[in-house]
Structures are given as C-alpha cells and as structure tokens.
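File shown: data-v7.cif. Contents: mmCIF, C-alpha atoms.
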data_entry
#
loop_
_atom_site.label_atom_id
_atom_site.label_comp_id
_atom_site.auth_asym_id
_atom_site.auth_seq_id
_atom_site.Cartn_x
_atom_site.Cartn_y
_atom_site.Cartn_z
CA MET Q 1 3.36 26.82 -17.71
CA ILE Q 2 2.06 30.38 -18.05
CA THR Q 3 3.60 31.92 -21.13
CA ASP Q 4 1.07 34.46 -22.39
CA ALA Q 5 -2.30 36.11 -21.75
CA ARG Q 6 -4.23 33.16 -23.08
CA ALA Q 7 -2.47 30.72 -20.76
CA ALA Q 8 -3.11 33.13 -17.88
CA ILE Q 9 -6.84 33.23 -18.65
CA ILE Q 10 -6.96 29.44 -18.65
CA ALA Q 11 -5.06 29.21 -15.36
CA VAL Q 12 -7.32 31.74 -13.60
CA ALA Q 13 -10.47 30.12 -15.00
CA TYR Q 14 -9.29 26.70 -13.73
CA LEU Q 15 -8.73 28.24 -10.30
CA ILE Q 16 -12.28 29.65 -10.24
CA SER Q 17 -13.58 26.30 -11.44
CA ALA Q 18 -11.76 24.50 -8.61
CA ILE Q 19 -13.30 26.85 -6.02
CA LEU Q 20 -16.77 26.30 -7.50
CA PHE Q 21 -16.33 22.51 -7.40
CA ILE Q 22 -15.41 22.69 -3.71
CA PHE Q 23 -18.38 24.91 -2.81
CA GLY Q 24 -20.60 22.73 -4.99
CA LEU Q 25 -19.58 19.60 -3.05
CA LYS Q 26 -20.07 21.43 0.25
CA ARG Q 27 -23.62 22.46 -0.72
CA LEU Q 28 -24.35 19.00 -2.11
CA SER Q 29 -23.84 17.50 1.32
CA SER Q 30 -26.77 19.36 2.90
CA PRO Q 31 -30.41 18.63 1.91
CA ALA Q 32 -31.55 22.25 1.66
CA THR Q 33 -28.77 23.32 -0.69
CA ALA Q 34 -28.04 20.10 -2.59
CA ARG Q 35 -29.66 21.10 -5.87
CA HIS Q 36 -27.87 24.43 -5.86
CA GLY Q 37 -24.64 22.56 -5.20
CA ASN Q 38 -25.19 20.46 -8.31
CA ARG Q 39 -25.75 23.66 -10.33
CA LEU Q 40 -22.46 25.09 -9.00
CA ALA Q 41 -20.67 21.93 -10.11
CA ILE Q 42 -22.25 22.24 -13.57
CA LEU Q 43 -21.05 25.86 -13.76
CA ALA Q 44 -17.55 24.80 -12.70
CA MET Q 45 -17.51 22.08 -15.37
CA THR Q 46 -18.75 24.48 -18.07
CA ILE Q 47 -16.04 27.03 -17.27
CA ALA Q 48 -13.26 24.43 -17.16
CA VAL Q 49 -14.22 22.72 -20.42
CA ALA Q 50 -14.87 26.00 -22.26
CA VAL Q 51 -11.49 27.59 -21.48
CA THR Q 52 -9.70 24.35 -22.35
CA LEU Q 53 -10.69 25.04 -25.97
CA LEU Q 54 -8.37 28.11 -25.79
CA ASP Q 55 -5.36 25.84 -25.15
CA ARG Q 56 -2.63 26.54 -27.70
CA SER Q 57 -1.70 22.89 -28.07
CA ILE Q 58 -5.03 22.29 -29.84
CA THR Q 59 -4.46 22.40 -33.58
CA TRP Q 60 -7.62 23.66 -35.22
CA LYS Q 61 -7.54 21.39 -38.25
CA PRO Q 62 -10.97 20.23 -39.52
CA ILE Q 63 -10.46 16.64 -38.36
CA ASN Q 64 -9.54 17.69 -34.80
CA ILE Q 65 -12.50 20.09 -34.60
CA ALA Q 66 -14.81 17.40 -35.96
CA ILE Q 67 -13.66 14.85 -33.37
CA ILE Q 68 -14.19 17.31 -30.50
CA VAL Q 69 -17.54 18.72 -31.67
CA VAL Q 70 -19.15 15.52 -32.99
CA GLY Q 71 -17.83 13.38 -30.13
CA THR Q 72 -19.12 15.78 -27.47
CA ALA Q 73 -22.49 16.09 -29.24
CA ILE Q 74 -22.98 12.31 -29.42
CA GLY Q 75 -21.94 11.80 -25.79
CA ALA Q 76 -24.19 14.64 -24.62
CA VAL Q 77 -27.27 13.45 -26.53
CA VAL Q 78 -26.86 9.82 -25.44
CA GLY Q 79 -26.10 10.77 -21.82
CA VAL Q 80 -28.99 13.20 -21.41
CA TYR Q 81 -31.41 10.90 -23.25
CA PHE Q 82 -30.71 7.98 -20.90
CA ALA Q 83 -30.61 10.21 -17.81
CA ARG Q 84 -33.99 11.74 -18.63
CA THR Q 85 -35.88 8.68 -19.84
CA VAL Q 86 -34.95 5.83 -17.50
CA GLN Q 87 -37.26 4.75 -14.70
CA MET Q 88 -36.58 6.38 -11.36
CA THR Q 89 -35.75 2.92 -9.98
CA ALA Q 90 -33.05 2.49 -12.64
CA MET Q 91 -30.98 5.44 -11.39
CA PRO Q 92 -28.24 3.38 -9.68
CA GLN Q 93 -27.36 1.50 -12.86
CA MET Q 94 -27.27 4.81 -14.74
CA VAL Q 95 -24.67 6.07 -12.26
CA ALA Q 96 -22.73 2.84 -12.84
CA LEU Q 97 -22.93 3.26 -16.62
CA PHE Q 98 -21.76 6.90 -16.58
CA ASN Q 99 -19.02 6.01 -14.11
CA GLY Q 100 -17.78 3.33 -16.47
CA MET Q 101 -17.74 5.85 -19.32
CA GLY Q 102 -15.55 8.18 -17.25
CA GLY Q 103 -13.20 5.31 -16.43
CA GLY Q 104 -12.98 4.46 -20.12
CA THR Q 105 -12.12 8.06 -20.96
CA ALA Q 106 -9.31 8.10 -18.40
CA ALA Q 107 -7.90 4.81 -19.72
CA PHE Q 108 -8.03 5.80 -23.39
CA VAL Q 109 -6.59 9.27 -22.74
CA SER Q 110 -3.70 7.64 -20.85
CA VAL Q 111 -3.03 5.15 -23.66
CA ALA Q 112 -3.24 7.87 -26.33
CA GLU Q 113 -0.79 10.08 -24.43
CA PHE Q 114 1.65 7.19 -24.05
CA LEU Q 115 1.49 6.51 -27.80
CA ARG Q 116 2.19 10.20 -28.47
CA PHE Q 117 5.10 10.23 -26.00
CA SER Q 118 6.62 7.11 -27.50
CA GLU Q 119 6.31 8.63 -31.00
CA GLU Q 120 8.28 11.63 -29.74
CA GLY Q 121 10.80 9.19 -28.31
CA SER Q 122 10.83 10.27 -24.67
CA ILE Q 123 8.67 9.94 -21.59
CA GLY Q 124 9.50 11.06 -18.06
CA ALA Q 125 9.30 8.53 -15.25
CA GLY Q 126 6.52 10.51 -13.53
CA GLU Q 127 4.45 10.63 -16.70
CA ALA Q 128 5.03 6.93 -17.35
CA LEU Q 129 3.90 6.11 -13.82
CA SER Q 130 0.76 8.23 -14.25
CA VAL Q 131 0.03 6.62 -17.62
CA SER Q 132 0.35 3.10 -16.19
CA ALA Q 133 -1.78 3.74 -13.12
CA GLY Q 134 -4.34 5.82 -15.06
CA THR Q 135 -4.70 3.12 -17.71
CA ALA Q 136 -5.05 0.30 -15.17
CA ILE Q 137 -7.46 2.04 -12.78
CA GLY Q 138 -9.55 3.57 -15.57
CA ALA Q 139 -9.86 0.26 -17.43
CA LEU Q 140 -10.78 -1.62 -14.24
CA SER Q 141 -13.41 0.99 -13.47
CA LEU Q 142 -14.79 0.80 -17.03
CA THR Q 143 -15.46 -2.94 -17.12
CA GLY Q 144 -16.27 -3.21 -13.40
CA SER Q 145 -18.95 -0.53 -13.78
CA LEU Q 146 -20.34 -2.20 -16.90
CA ILE Q 147 -20.74 -5.47 -14.96
CA ALA Q 148 -22.40 -3.55 -12.11
CA PHE Q 149 -24.71 -1.95 -14.69
CA GLY Q 150 -25.47 -5.35 -16.22
CA LYS Q 151 -26.29 -6.87 -12.83
CA LEU Q 152 -28.61 -4.05 -11.74
CA GLN Q 153 -30.27 -3.94 -15.17
CA GLU Q 154 -30.60 -7.73 -14.93
CA LEU Q 155 -28.81 -8.27 -18.20
CA ILE Q 156 -26.76 -10.76 -16.18
CA SER Q 157 -27.69 -12.50 -12.94
CA GLY Q 158 -27.69 -10.25 -9.91
CA ARG Q 159 -26.57 -13.18 -7.79
CA PRO Q 160 -22.87 -13.57 -6.99
CA ILE Q 161 -21.15 -15.40 -9.85
CA ARG Q 162 -18.16 -17.46 -8.79
CA PHE Q 163 -16.08 -20.28 -10.14
CA PRO Q 164 -13.27 -22.34 -8.60
CA GLY Q 165 -9.92 -20.58 -8.64
CA LEU Q 166 -11.45 -17.15 -9.19
CA SER Q 167 -9.63 -15.48 -6.31
CA ALA Q 168 -6.33 -17.07 -7.34
CA LEU Q 169 -6.89 -15.84 -10.90
CA ASN Q 170 -7.61 -12.33 -9.60
CA VAL Q 171 -4.36 -12.33 -7.64
CA ILE Q 172 -2.45 -13.47 -10.74
CA LEU Q 173 -4.05 -10.73 -12.86
CA PHE Q 174 -3.27 -8.13 -10.21
CA VAL Q 175 0.37 -9.20 -10.12
CA ALA Q 176 0.42 -9.14 -13.94
CA ILE Q 177 -0.83 -5.52 -13.85
CA LEU Q 178 1.93 -4.55 -11.42
CA ALA Q 179 4.51 -6.29 -13.62
CA LEU Q 180 3.26 -4.69 -16.84
CA GLY Q 181 3.14 -1.30 -15.12
CA THR Q 182 6.73 -1.77 -13.98
CA VAL Q 183 7.79 -2.63 -17.52
CA VAL Q 184 6.04 0.47 -18.88
CA VAL Q 185 7.62 2.73 -16.26
CA GLY Q 186 11.07 1.18 -15.99
CA PHE Q 187 11.95 0.26 -19.54
CA ASP Q 188 11.24 1.61 -22.99
CA GLY Q 189 9.29 -1.55 -23.61
CA GLY Q 190 7.26 -0.21 -26.50
CA ASN Q 191 3.55 0.27 -27.01
CA LEU Q 192 2.56 -3.39 -26.73
CA PHE Q 193 2.86 -3.36 -22.94
CA VAL Q 194 0.45 -0.45 -22.54
CA TRP Q 195 -2.15 -2.26 -24.64
CA LEU Q 196 -1.60 -5.43 -22.57
CA LEU Q 197 -1.98 -3.40 -19.39
CA LEU Q 198 -5.28 -2.02 -20.69
CA ALA Q 199 -6.54 -5.51 -21.60
CA VAL Q 200 -5.54 -7.24 -18.34
CA ALA Q 201 -7.05 -4.45 -16.21
CA MET Q 202 -10.30 -4.72 -18.18
CA VAL Q 203 -10.47 -8.47 -17.48
CA LEU Q 204 -9.73 -7.91 -13.79
CA GLY Q 205 -12.54 -5.32 -13.60
CA VAL Q 206 -15.02 -7.94 -14.82
CA LEU Q 207 -13.79 -10.68 -12.48
CA VAL Q 208 -13.71 -8.47 -9.38
CA VAL Q 209 -17.34 -7.39 -9.66
CA LEU Q 210 -18.87 -10.70 -10.86
CA PRO Q 211 -18.79 -12.39 -7.41
CA ILE Q 212 -20.51 -9.48 -5.68
CA GLY Q 213 -24.26 -9.70 -5.06
CA GLY Q 214 -26.80 -7.19 -6.35
CA ALA Q 215 -27.65 -5.81 -2.92
CA ASP Q 216 -24.06 -4.75 -2.34
CA MET Q 217 -23.83 -3.06 -5.74
CA PRO Q 218 -24.32 0.58 -4.57
CA VAL Q 219 -21.24 0.27 -2.36
CA VAL Q 220 -19.25 -1.21 -5.25
CA ILE Q 221 -20.38 1.59 -7.57
CA ALA Q 222 -19.29 4.14 -4.95
CA LEU Q 223 -15.87 2.49 -4.80
CA LEU Q 224 -15.51 2.39 -8.59
CA ASN Q 225 -16.61 6.04 -8.63
CA SER Q 226 -13.71 6.83 -6.34
CA PHE Q 227 -11.37 4.84 -8.62
CA THR Q 228 -12.47 6.83 -11.67
CA GLY Q 229 -11.80 10.06 -9.75
CA ILE Q 230 -8.24 8.91 -9.05
CA ALA Q 231 -7.81 7.82 -12.69
CA ALA Q 232 -8.99 11.27 -13.84
CA ALA Q 233 -6.46 12.94 -11.52
CA LEU Q 234 -3.71 10.68 -12.90
CA THR Q 235 -4.51 11.77 -16.46
CA GLY Q 236 -4.12 15.33 -15.11
CA PHE Q 237 -0.48 14.49 -14.36
CA VAL Q 238 -0.04 13.09 -17.87
CA VAL Q 239 -1.51 16.04 -19.78
CA HIS Q 240 -0.18 18.58 -17.21
CA ASN Q 241 -3.58 19.95 -16.26
CA GLN Q 242 -4.21 21.26 -12.73
CA ILE Q 243 -8.02 21.22 -12.75
CA LEU Q 244 -8.00 17.52 -13.65
CA ILE Q 245 -5.76 16.83 -10.67
CA VAL Q 246 -7.91 18.90 -8.28
CA ALA Q 247 -11.33 17.65 -9.41
CA GLY Q 248 -10.12 14.05 -9.78
CA ALA Q 249 -8.58 14.01 -6.29
CA LEU Q 250 -11.70 15.62 -4.77
CA VAL Q 251 -13.85 12.86 -6.27
CA GLY Q 252 -11.35 10.15 -5.40
CA ALA Q 253 -11.34 11.14 -1.72
CA SER Q 254 -15.00 12.07 -1.27
CA GLY Q 255 -16.01 8.97 -3.25
CA GLY Q 256 -13.81 6.79 -1.07
CA PHE Q 257 -15.23 8.35 2.09
CA LEU Q 258 -18.77 7.84 0.74
CA THR Q 259 -17.96 4.19 0.11
CA VAL Q 260 -17.06 3.76 3.78
CA LEU Q 261 -20.17 5.68 4.92
CA MET Q 262 -22.44 3.58 2.70
CA SER Q 263 -21.07 0.23 3.79
CA ARG Q 264 -21.27 1.43 7.39
CA ALA Q 265 -24.94 2.41 6.84
CA MET Q 266 -25.53 -1.18 5.70
CA ASN Q 267 -23.83 -2.43 8.87
CA ARG Q 268 -21.22 -4.27 6.85
CA PRO Q 269 -17.50 -3.65 6.82
CA LEU Q 270 -16.23 -2.82 3.35
CA SER Q 271 -14.05 -5.93 3.25
CA ASN Q 272 -17.20 -8.07 3.68
CA VAL Q 273 -18.85 -6.43 0.70
CA LEU Q 274 -15.83 -6.95 -1.51
CA PHE Q 275 -14.59 -10.33 -0.38
CA GLY Q 276 -17.52 -11.77 1.60
CA ALA Q 277 -18.89 -13.55 -1.44
CA PHE Q 278 -15.84 -15.80 -1.58
CA GLY Q 279 -16.80 -17.88 1.43
CA ALA Q 280 -20.48 -17.52 2.19
CA ALA Q 281 -23.17 -18.57 -0.28
CA SER Q 282 -25.78 -16.91 1.94
CA THR Q 283 -24.81 -13.41 0.82
CA ALA Q 284 -26.77 -13.80 -2.42
CA GLY Q 285 -28.84 -10.68 -2.96
CA MET M 1 10.99 13.97 -11.87
CA SER M 2 10.17 17.55 -12.79
CA GLN M 3 9.20 20.38 -10.47
CA GLU M 4 5.78 20.49 -12.14
CA LEU M 5 5.03 16.89 -11.18
CA ILE M 6 6.07 17.48 -7.57
CA LEU M 7 3.76 20.50 -7.36
CA GLY M 8 1.02 18.42 -8.94
CA ALA M 9 1.55 15.77 -6.27
CA TYR M 10 1.12 18.39 -3.52
CA VAL M 11 -2.08 19.67 -5.14
CA PHE M 12 -3.32 16.08 -5.45
CA LEU M 13 -2.66 15.26 -1.78
CA LEU M 14 -4.20 18.48 -0.45
CA ALA M 15 -7.29 17.94 -2.63
CA LEU M 16 -7.60 14.40 -1.23
CA PHE M 17 -7.79 15.74 2.34
CA LEU M 18 -10.20 18.47 1.25
CA GLY M 19 -12.43 15.95 -0.52
CA VAL M 20 -13.08 14.11 2.75
CA GLU M 21 -13.46 17.26 4.86
CA VAL M 22 -15.88 19.01 2.55
CA ILE M 23 -18.51 16.23 2.57
CA GLY M 24 -17.77 15.13 6.14
CA ARG M 25 -21.26 15.71 7.53
CA VAL M 26 -23.42 14.40 4.73
CA PRO M 27 -26.68 12.81 5.98
CA SER M 28 -27.33 9.26 4.74
CA THR M 29 -30.32 10.33 2.63
CA LEU M 30 -27.90 12.29 0.44
CA HIS M 31 -25.41 9.45 -0.07
CA THR M 32 -26.74 8.41 -3.47
CA PRO M 33 -27.22 11.91 -4.96
CA LEU M 34 -23.77 12.93 -3.72
CA MET M 35 -22.22 9.82 -5.24
CA SER M 36 -24.00 10.65 -8.49
CA ALA M 37 -22.74 14.24 -8.39
CA THR M 38 -19.12 13.24 -7.76
CA ASN M 39 -19.58 10.72 -10.56
CA ALA M 40 -20.47 13.60 -12.90
CA ILE M 41 -17.55 15.70 -11.62
CA HIS M 42 -14.95 13.09 -12.57
CA GLY M 43 -16.29 13.51 -16.08
CA ILE M 44 -13.85 16.45 -16.04
CA VAL M 45 -11.49 13.90 -17.59
CA LEU M 46 -13.28 15.05 -20.78
CA ILE M 47 -10.73 17.89 -20.71
CA GLY M 48 -7.96 15.33 -21.10
CA ALA M 49 -9.83 13.81 -24.03
CA ILE M 50 -10.22 17.24 -25.66
CA LEU M 51 -6.49 17.94 -25.31
CA VAL M 52 -5.68 14.55 -26.86
CA ALA M 53 -8.20 15.10 -29.66
CA GLY M 54 -6.80 18.56 -30.33
CA THR M 55 -3.28 17.24 -30.89
CA ALA M 56 -4.11 13.90 -32.53
CA ASP M 57 -2.34 13.36 -35.88
CA SER M 58 -2.76 9.68 -36.78
CA PRO M 59 -5.78 7.46 -37.49
CA LEU M 60 -5.22 5.44 -34.30
CA LEU M 61 -5.11 8.59 -32.16
CA TYR M 62 -8.19 9.93 -33.94
CA VAL M 63 -10.13 6.81 -32.98
CA LEU M 64 -8.86 6.74 -29.39
CA ALA M 65 -9.61 10.44 -28.94
CA PHE M 66 -13.07 10.12 -30.46
CA VAL M 67 -14.04 7.20 -28.21
CA ALA M 68 -12.61 9.03 -25.18
CA ILE M 69 -14.60 12.19 -25.99
CA VAL M 70 -17.90 10.37 -26.54
CA LEU M 71 -17.50 8.47 -23.25
CA GLY M 72 -16.34 11.56 -21.34
CA ALA M 73 -19.18 13.74 -22.63
CA GLY M 74 -21.65 10.97 -21.74
CA ASN M 75 -20.22 10.90 -18.22
CA VAL M 76 -20.52 14.68 -17.78
CA PHE M 77 -23.93 15.31 -19.34
CA GLY M 78 -25.57 12.08 -18.21
CA GLY M 79 -24.08 12.33 -14.73
CA PHE M 80 -25.31 15.84 -14.04
CA ALA M 81 -28.72 15.15 -15.58
CA VAL M 82 -29.24 12.05 -13.42
CA THR M 83 -28.12 13.93 -10.30
CA ASP M 84 -30.50 16.78 -11.04
CA ARG M 85 -33.36 14.31 -11.44
CA MET M 86 -32.53 12.63 -8.14
CA LEU M 87 -32.43 15.95 -6.31
CA GLU M 88 -35.68 17.02 -7.94
CA MET M 89 -37.32 13.95 -6.43
CA PHE M 90 -35.66 14.84 -3.14
CA LYS M 91 -37.32 18.25 -3.09
CA LYS M 92 -40.84 16.86 -3.38
CA LYS M 93 -40.39 14.86 -0.20
CA PRO M 94 -39.01 17.30 2.36
CA VAL M 95 -36.84 15.86 5.08
CA GLU M 96 -38.95 13.17 6.72
CA LYS M 97 -36.44 10.39 7.34
CA ARG M 98 -33.03 11.00 8.75
#
Please rewrite the model in this file as structure tokens.
Amino acid sequence: MITDARAAIIAVAYLISAILFIFGLKRLSSPATARHGNRLAILAMTIAVAVTLLDRSITWKPINIAIIVVGTAIGAVVGVYFARTVQMTAMPQMVALFNGMGGGTAAFVSVAEFLRFSEEGSIGAGEALSVSAGTAIGALSLTGSLIAFGKLQELISGRPIRFPGLSALNVILFVAILALGTVVVGFDGGNLFVWLLLAVAMVLGVLVVLPIGGADMPVVIALLNSFTGIAAALTGFVVHNQILIVAGALVGASGGFLTVLMSRAMNRPLSNVLFGAFGAASTAG
Amino acid sequence: MSQELILGAYVFLLALFLGVEVIGRVPSTLHTPLMSATNAIHGIVLIGAILVAGTADSPLLYVLAFVAIVLGAGNVFGGFAVTDRMLEMFKKKPVEKR
C-alpha cells in the first residue's frame, strides 16, 4: 500500500529491481553476456534489500538493528568464505548448501509470520495458505538440499539409500503435510500445527532425497532450487512484498524449466531421476 | 481474500511464464551457472527475514528472525560469489563445446 513518499520510493525501487532481475536472467542465458548478467542480478538484489530498510514497519530498536546487522554480517562472511575457498569440483554441493539456506529462510519467515498473526488474533485465509505452503516447501527444500550436500561432499554415501516401506512412508508424510496444512488454513488450530508442519516437511525432505544416487544429484538440486524460489514467492504473499513474489516466481519457473532441460540432457525423464531408484538397484551412481 | 492477494497472484503467474521465456534458449554449458545464479536470486527471501526481524518483539521471534537472516544472507552472498567463480572459469575456456 503506497501511503507516503517513502513507500513510493520503495515501490519504484522494487520495480527497477524486478526489471534488472529479468534482464540479468536474460543475459545469464548467453555465454558472452553471462557474467554481466550475474552482475545485474547482484545490482538488483542490492537495490531491493537496501530500500527494504526504509520500510516503516521496521522498528529501529537496538535489538532489531542488532539482529539485522549481525545476522547479515555472519551470513555474508560464511557464505563468501565457503564460495571463495572450496575446490572448483565442490561447486555443486555449494549450490545445494546455499539453496538449503534459502529454503530454511523461507520456512522460518513463514513460521514467524504465522506466530505474529496468531498473536494479533487474526489471519486471512490467503495468508494462512501462503504460510502453510511456504513452510512446507521451504522446510522440504532445506533438509533435501542438506542431504544432497552431504551426498556430494561424501559425508554420507552417494549411493541410493533405501529401506523397505520407504515409499509408503513418504506417501503417509505427504498426506500428513496436506492434512496439517488444511488444519492451519481452515481452523484456528493454534501454533502447534505450524511447528508440526515444519517438522514433518523437514523429515520428508530427508527421505525424498536419500534414495537418489549421486549422479542424479544436479537434477535434484535444480528441482529443489525451483522449490525454494516458489517458497520465497509464497513468503512474498505473507509479508505483502511484490519483489519477493516476482523474483521468487522467476526462479521457481526458470529453475523448474532448467530441471527439465538438465534431465533431458542426461537422456533421462525427470520421473526416472526422482522415482527410478525405487525399483532398479542398477541406478547406483 | 483481499484485492492485494489477487493482484499478487496475477503477478506471480505472469512472472512464472516470464521465468521460462527469458531463459528459453540457454545452451547446456550454461545450465549449472544459471542454476547457481537463480539459486542466489531466491536469496531475495532475505527481505522477508529483514521485515520479520524489524518487527520482532519476543525472544522466540528474535531467534527465528536471526536464524532466517543468517541463512538468507548466506544464500545471497554465497550464491552470487559461487556463480561469479563459475563464470570466471567459463571465460578462460571460450566456447569450445556446445
């Protein structure tokens, strides 16, 4: 809602940021301009994050400032340190790790917003739906990406890990997520259900990626990347922020399309990558 | 459902179509760097974390917001740094394989 000059500045800056993200992606998909495209995306991100600090809902108490400044500093130092120091061959697991971090952010932001809504005593159906889906998809992406990271880093076996009844368990967990989401959206069921939703989705994330072999991991990371994009867009609905919706949806769609392209480049339908491990033991990477 | 959410849904759907169109002709050598770049872009969820942190008023919300900000900032900074490194490597070997 544009109420004053400051809100107008934020809205216009978000618009410019959205345009820059789109041109950045366009340039990233051509070899000659790819690096410039990445720089455009960095510029877009800088603008969007910087003007967000002007938002009037931010109360500039010392504790809030400290959380924002210290948290960003720690994340930035850790992220850049790992990005700059890992072996070139370890790049895919770095993407998985950072993707998981983004998924975690989306999940925790969704949960925090729900807690705030329930403290105020009211939540709209649309917001509740976004909270549920954002929590579930973000949490699944968080733990799924961490397992992908662990497999590529060889912290856990890169071979498909299966046990009897795994697919049945996954179906049960998926149904449980739908049920918990329905409770969160449909009834004022209290905070417990959001925490349960977070927990069950985190377990499902682990179990979905465990049976997938190491060689298929890039495709899985691309898919989880798309999921995190959607989760980010969903948090945009919760905090009423347009640039989150735009950037999240762009990543969700382009990431999903990339997933299809990558599995096609491997000459394997996507369903084989995701579910092939159930039947055939020969798919071990 | 409020008007704002409906408008948001339109924006979301249009951006979905645009997301596919805009990278439609990416060559396979750029699949991984592009995935890495989009991975960094969804770090924009950091904005959500900042808004939550800015309004937090209880210990539980402080903790949730702090964790969300650390993870989000790691996603943004790490994601872009990794992408830049990949593309740097890309530049040294000019297009030989298609």
Residue list for chain Q near chain M as an mmCIF file with C-alpha atoms, in the frame of the given file, 6 Å, all atoms listed in the file:
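Below is the file that was written, result29.cif:
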data_model
loop_
_atom_site.group_PDB
_atom_site.id
_atom_site.type_symbol
_atom_site.label_atom_id
_atom_site.label_comp_id
_atom_site.auth_asym_id
_atom_site.auth_seq_id
_atom_site.Cartn_x
_atom_site.Cartn_y
_atom_site.Cartn_z
ATOM 1 C CA LYS Q 26 -20.070 21.430 0.250
ATOM 2 C CA SER Q 29 -23.840 17.500 1.320
ATOM 3 C CA ARG Q 35 -29.660 21.100 -5.870
ATOM 4 C CA VAL Q 49 -14.220 22.720 -20.420
ATOM 5 C CA ILE Q 58 -5.030 22.290 -29.840
ATOM 6 C CA THR Q 59 -4.460 22.400 -33.580
ATOM 7 C CA ASN Q 64 -9.540 17.690 -34.800
ATOM 8 C CA ILE Q 67 -13.660 14.850 -33.370
ATOM 9 C CA GLY Q 71 -17.830 13.380 -30.130
ATOM 10 C CA THR Q 72 -19.120 15.780 -27.470
ATOM 11 C CA GLY Q 75 -21.940 11.800 -25.790
ATOM 12 C CA ALA Q 76 -24.190 14.640 -24.620
ATOM 13 C CA GLY Q 79 -26.100 10.770 -21.820
ATOM 14 C CA VAL Q 80 -28.990 13.200 -21.410
ATOM 15 C CA ALA Q 83 -30.610 10.210 -17.810
ATOM 16 C CA VAL Q 95 -24.670 6.070 -12.260
ATOM 17 C CA PHE Q 98 -21.760 6.900 -16.580
ATOM 18 C CA ASN Q 99 -19.020 6.010 -14.110
ATOM 19 C CA MET Q 101 -17.740 5.850 -19.320
ATOM 20 C CA GLY Q 102 -15.550 8.180 -17.250
ATOM 21 C CA THR Q 105 -12.120 8.060 -20.960
ATOM 22 C CA PHE Q 108 -8.030 5.800 -23.390
ATOM 23 C CA VAL Q 109 -6.590 9.270 -22.740
ATOM 24 C CA GLY Q 126 6.520 10.510 -13.530
ATOM 25 C CA ASN Q 225 -16.610 6.040 -8.630
ATOM 26 C CA GLY Q 229 -11.800 10.060 -9.750
ATOM 27 C CA ALA Q 232 -8.990 11.270 -13.840
ATOM 28 C CA ILE Q 245 -5.760 16.830 -10.670
ATOM 29 C CA VAL Q 246 -7.910 18.900 -8.280
ATOM 30 C CA GLY Q 248 -10.120 14.050 -9.780
ATOM 31 C CA ALA Q 249 -8.580 14.010 -6.290
ATOM 32 C CA LEU Q 250 -11.700 15.620 -4.770
ATOM 33 C CA VAL Q 251 -13.850 12.860 -6.270
ATOM 34 C CA ALA Q 253 -11.340 11.140 -1.720
ATOM 35 C CA SER Q 254 -15.000 12.070 -1.270
#
Q. Do you have the atom CA of M:Tyr10-atom CA of Q:Ser118 distance handy?
A. 27.1 Å
Q) In Å, how far is it from atom CA of Q:Ala265 to atom CA of Q:Ala215? A)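 Separating atom CA of Q:Ala265 from atom CA of Q:Ala215 is a distance of 13.0 Å.
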Which residues come within 10 Å of Q:Glu127, counting only C-alpha atoms, excluding same-chain residues fewer than 6 positions away, as an mmCIF file with C-alpha atoms, keeping the file's coordinate frame?
data_model
loop_
_atom_site.group_PDB
_atom_site.id
_atom_site.type_symbol
_atom_site.label_atom_id
_atom_site.label_comp_id
_atom_site.auth_asym_id
_atom_site.auth_seq_id
_atom_site.Cartn_x
_atom_site.Cartn_y
_atom_site.Cartn_z
ATOM 1 C CA SER Q 110 -3.700 7.640 -20.850
ATOM 2 C CA GLU Q 113 -0.790 10.080 -24.430
ATOM 3 C CA PHE Q 114 1.650 7.190 -24.050
ATOM 4 C CA PHE Q 117 5.100 10.230 -26.000
ATOM 5 C CA ALA Q 133 -1.780 3.740 -13.120
ATOM 6 C CA VAL Q 185 7.620 2.730 -16.260
ATOM 7 C CA LEU Q 234 -3.710 10.680 -12.900
ATOM 8 C CA THR Q 235 -4.510 11.770 -16.460
ATOM 9 C CA GLY Q 236 -4.120 15.330 -15.110
ATOM 10 C CA PHE Q 237 -0.480 14.490 -14.360
ATOM 11 C CA VAL Q 238 -0.040 13.090 -17.870
ATOM 12 C CA VAL Q 239 -1.510 16.040 -19.780
ATOM 13 C CA HIS Q 240 -0.180 18.580 -17.210
ATOM 14 C CA MET M 1 10.990 13.970 -11.870
ATOM 15 C CA SER M 2 10.170 17.550 -12.790
ATOM 16 C CA LEU M 5 5.030 16.890 -11.180
#
Q: Determine the nearest neighbour of Q:Gln93 from the options Q:Ile68, Q:Ala139, Q:Val220, Q:Ala107, counting only C-alpha atoms.
A: Q:Val220
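Note that atom CA of Q:Glu154 and atom CA of Q:Met88 are 15.7 Å apart.
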Q. Quick one: residues within 12 Å of Q:Val175, all atoms listed in the file counted, chain neighbours fewer than 5 positions away excluded, as a list in words?
A.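 In the requested form, the answer reads Ala168, Leu169, Asn170, Leu180, Gly181, Thr182, Leu197, Val200, Ala201 and Leu204 of chain Q.
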Selection result for the PyMOL selection byres ((chain Q and resi 10-24) around 8) on this file, as a PDB file with C-alpha atoms, keeping the file's coordinate frame:
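Written file, selection-v2.pdb:
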ATOM      1  CA  ILE Q   2       2.060  30.380 -18.050  1.00  0.00           C
ATOM      2  CA  ARG Q   6      -4.230  33.160 -23.080  1.00  0.00           C
ATOM      3  CA  ALA Q   7      -2.470  30.720 -20.760  1.00  0.00           C
ATOM      4  CA  ALA Q   8      -3.110  33.130 -17.880  1.00  0.00           C
ATOM      5  CA  ILE Q   9      -6.840  33.230 -18.650  1.00  0.00           C
ATOM      6  CA  LEU Q  25     -19.580  19.600  -3.050  1.00  0.00           C
ATOM      7  CA  LYS Q  26     -20.070  21.430   0.250  1.00  0.00           C
ATOM      8  CA  ARG Q  27     -23.620  22.460  -0.720  1.00  0.00           C
ATOM      9  CA  LEU Q  28     -24.350  19.000  -2.110  1.00  0.00           C
ATOM     10  CA  HIS Q  36     -27.870  24.430  -5.860  1.00  0.00           C
ATOM     11  CA  GLY Q  37     -24.640  22.560  -5.200  1.00  0.00           C
ATOM     12  CA  ASN Q  38     -25.190  20.460  -8.310  1.00  0.00           C
ATOM     13  CA  ARG Q  39     -25.750  23.660 -10.330  1.00  0.00           C
ATOM     14  CA  LEU Q  40     -22.460  25.090  -9.000  1.00  0.00           C
ATOM     15  CA  ALA Q  41     -20.670  21.930 -10.110  1.00  0.00           C
ATOM     16  CA  LEU Q  43     -21.050  25.860 -13.760  1.00  0.00           C
ATOM     17  CA  ALA Q  44     -17.550  24.800 -12.700  1.00  0.00           C
ATOM     18  CA  MET Q  45     -17.510  22.080 -15.370  1.00  0.00           C
ATOM     19  CA  ILE Q  47     -16.040  27.030 -17.270  1.00  0.00           C
ATOM     20  CA  ALA Q  48     -13.260  24.430 -17.160  1.00  0.00           C
ATOM     21  CA  VAL Q  51     -11.490  27.590 -21.480  1.00  0.00           C
ATOM     22  CA  THR Q  52      -9.700  24.350 -22.350  1.00  0.00           C
ATOM     23  CA  LEU Q  54      -8.370  28.110 -25.790  1.00  0.00           C
ATOM     24  CA  ASP Q  55      -5.360  25.840 -25.150  1.00  0.00           C
ATOM     25  CA  GLN Q 242      -4.210  21.260 -12.730  1.00  0.00           C
ATOM     26  CA  ILE Q 243      -8.020  21.220 -12.750  1.00  0.00           C
ATOM     27  CA  VAL Q 246      -7.910  18.900  -8.280  1.00  0.00           C
ATOM     28  CA  ALA Q 247     -11.330  17.650  -9.410  1.00  0.00           C
TER      29      ALA Q 247
ATOM     30  CA  VAL M  22     -15.880  19.010   2.550  1.00  0.00           C
TER      31      VAL M  22
END
